[in-house]
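Peer 1: Shown below is the structure under consideration.
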Amino acid sequence: AGHEPFVAIGWPGLLGVLSGQNKGVALGVLVVHDSRGARSGLPFQFALRRALEEATSSEGVERLLRQTPLTVTNNLALIDSEGDARVLELHPEGIESRRGQGRPLTITNHFESPARRTSRLSFSYLSSTNRLRAIRRRCPSSEARPSLEQARQGLADAGVSFTAQSMIFLPKTGELEVSFATRGSAAKGTFVRIGSELLLGKE
């Protein structure tokens with residue numbers, strides 16, 4: 001009562017949100033590993049759930065998270081029904097915000113802003129940079145609006161051998177597409193469209 005209804009793509013028993021959408025804004029977390037571990041604050045899954053319960057725009061989510069004590073580092077992809085796309089580089093010491101400014105805004109699992117960019121000799125960092133290059137080849141910066149098929153193919157081209165979930169959010173219509181897999185890459189599977197009636201409280 002008194003909160004926005006939302007849809008979250010999660011796991012059995014998960015009380016927070018990793019990726020989800022309400023009637024106005026969609027968000028998806030991309031984990032950025034940090035060797036310093038967790039700090040005191042609100043666990044990020046609950047911070048993102050609170051964001052979907054209380055904010056219906058990218059600006060509103062960013063404003064809310066700036067007021068929230070964060071515990072770990074993450075990238076957060078945001079897009080709202082007005083087309084405001086942002087990447088928030090979440091860090092316990094502060095948030096860096098990047099916007100597409102008319103170009104595709106691409107993101108994987110490492111920071112890119114000058115304030116947060118750090119090269120690391122780790123498999124996760126090398127995997128993230130390789131996947132980002134693959135996505136950018138599929139969605140070149142000269143195209144202001146990649147097609148839905150380009151988005152699907154960009155996920156499939158990312159080169160991850162196993163992905164349990166892949167999703168595409170469509171906040172302008174209140175819909176989303178999702179694919180699941182128990183082996184191989186979900187991005188190469190069949191995407192199922194979930195309609196806006198879930199966000200409107202209809203069966």
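Chain lettering (A, B, ...) mirrors the order of the structure tokens, residue numbering begins at 1 for each chain separately, and ligand numbering begins at 1 in order of display.
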Identify, on the basis of only C-alpha atoms, every residue whose closest approach to A:Gln67 does not exceed 12 Å; exclude the query and any residue fewer than 4 positions from it along the same chain; express the result as a count of residues only.
Peer 2: 13
Peer 1: Can you list, as a list of chain:residue names, every protein, DNA or RNA residue that comes within 9 Å of A:Ala164 when you count only C-alpha atoms, leaving out same-chain residues fewer than 3 positions away?
Peer 2: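 Answer for this query is A:Ser179, A:Phe180, A:Ala181, A:Thr182, A:Arg183, A:Gly184, A:Ser185, A:Ala186, A:Ala187.
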Peer 1: Between atom CA of A:Arg116 and atom CA of A:Glu89, what is the spacing in Å?
Peer 2: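 The value is 7.9 Å.
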Peer 1: Give me the residues near A:Ser58 as a ChimeraX atom specification, where near means some atom within 7 Å (using only C-alpha atoms) and where sequence neighbours in that chain fewer than 6 positions away do not count.
Peer 2: /A:25,78-80,84
Peer 1: Go ahead and save the picked residues with all heavy atoms, as a short mmCIF file (atom, residue, chain, number, x, y, z; two decimals), in the first residue's frame.
Peer 2:
data_model
loop_
_atom_site.label_atom_id
_atom_site.label_comp_id
_atom_site.auth_asym_id
_atom_site.auth_seq_id
_atom_site.Cartn_x
_atom_site.Cartn_y
_atom_site.Cartn_z
N VAL A 25 9.75 3.42 -14.99
CA VAL A 25 11.21 3.30 -15.11
C VAL A 25 11.64 1.84 -14.97
O VAL A 25 11.03 1.07 -14.23
CB VAL A 25 11.92 4.19 -14.05
CG1 VAL A 25 11.62 3.70 -12.64
CG2 VAL A 25 13.42 4.26 -14.29
N LEU A 78 19.63 2.51 -16.28
CA LEU A 78 18.30 3.10 -16.08
C LEU A 78 17.73 3.57 -17.41
O LEU A 78 18.44 4.14 -18.23
CB LEU A 78 18.39 4.31 -15.14
CG LEU A 78 18.65 4.10 -13.67
CD1 LEU A 78 18.88 5.45 -12.99
CD2 LEU A 78 17.46 3.40 -13.02
N ILE A 79 16.45 3.37 -17.60
CA ILE A 79 15.73 3.96 -18.74
C ILE A 79 14.29 4.16 -18.31
O ILE A 79 13.69 3.27 -17.71
CB ILE A 79 15.82 3.07 -20.00
CG1 ILE A 79 15.05 3.65 -21.17
CG2 ILE A 79 15.37 1.66 -19.72
CD1 ILE A 79 15.66 4.88 -21.76
N ASP A 80 13.73 5.35 -18.58
CA ASP A 80 12.34 5.57 -18.19
C ASP A 80 11.45 5.75 -19.41
O ASP A 80 11.92 5.73 -20.56
CB ASP A 80 12.21 6.74 -17.21
CG ASP A 80 12.62 8.09 -17.78
OD1 ASP A 80 12.57 8.27 -19.01
OD2 ASP A 80 12.99 8.97 -16.99
N ASP A 84 14.73 8.79 -20.95
CA ASP A 84 15.90 9.26 -20.20
C ASP A 84 16.73 8.05 -19.79
O ASP A 84 16.36 7.32 -18.87
CB ASP A 84 15.45 10.05 -18.97
CG ASP A 84 16.62 10.62 -18.17
OD1 ASP A 84 17.79 10.30 -18.48
OD2 ASP A 84 16.37 11.39 -17.22
#
Peer 1: Determine the nearest neighbour of A:Gly24 from the options A:Val72, A:Val192, A:Val178, A:Val7, counting only C-alpha atoms.
Peer 2: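 Smallest separation from A:Gly24 among the options: A:Val7.
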Peer 1: Applying 7 Å and only C-alpha atoms, which residues near A:Val32 remain after dropping the ones on its own chain fewer than 2 positions away? List them as a list in words.
Peer 2: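 In the requested form, the answer reads Leu30, Asp34, Thr73, Asn74, Asn75, Asn109 and His110 of chain A.
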Peer 1: Name the closest residue to A:Glu149 among the candidates A:Ser35, A:Ile168, A:Ala115, A:Pro5; distances are taken between atoms, counting only C-alpha atoms.
Peer 2: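 Of A:Ser35, A:Ile168, A:Ala115, A:Pro5, the one nearest A:Glu149, counting only C-alpha atoms, is A:Ile168.
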Peer 1: Which distance in Å separates atom CA of A:Leu148 and atom CA of A:Gly189, to one decimal?
Peer 2: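 So the two atoms, atom CA of A:Leu148 and atom CA of A:Gly189, lie 14.9 Å apart.
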Peer 1: Please extract the residues of chain A with a backbone DSSP assignment of helix (DSSP H, G or I) and present them as a VMD selection string.
Peer 2: chain A and resid 44 to 54 58 to 66 123 to 138 148 to 156 186 to 188 196 to 198
Peer 1: Compile the contact shell of A:Val87 as a PyMOL selection string: residues with an atom at most 10 Å away, counting only C-alpha atoms, same-chain residues fewer than 4 positions apart removed.
Peer 2: chain A and resi 27-29+58+62+75-79+95-100+105-107+111-113
Peer 1: Would you mind reading off the distance between atom CA of A:Lys23 and atom CA of A:Gly10, one decimal, in Å?
Peer 2: 18.1 Å
Peer 1: Report as an MDAnalysis selection string: the residues of chain A with a DSSP assignment of strand (DSSP E), based on the backbone of this structure.
Peer 2: chainID A and resid 6:9 19:22 25:31 74:80 85:91 94:99 165:170 175:180 192:194
Peer 1: Have a look at A:Thr56, A:Thr108, A:Ser124, A:Ser161 and name the one nearest to A:Glu82; count only C-alpha atoms.
Peer 2: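 Among A:Thr56, A:Thr108, A:Ser124, A:Ser161, it is A:Thr56 that comes nearest to A:Glu82.
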Peer 1: Would you list the contacts of A:Leu15 as a list of chain:residue names, taking every protein, DNA or RNA residue within 9 Å and counting only C-alpha atoms, but skipping same-chain residues closer than 2 positions in sequence?
Peer 2: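 In the requested form, the answer reads A:Gly10, A:Trp11, A:Pro12, A:Gly13, A:Val17, A:Gln45, A:Phe46, A:Arg49.
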Peer 1: From the options A:Ser128, A:Gln150, A:Thr173, A:Ser196, which residue's atoms come nearest to A:His33, counting only C-alpha atoms?
Peer 2: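 Counting only C-alpha atoms, the residue closest to A:His33 is A:Ser128.
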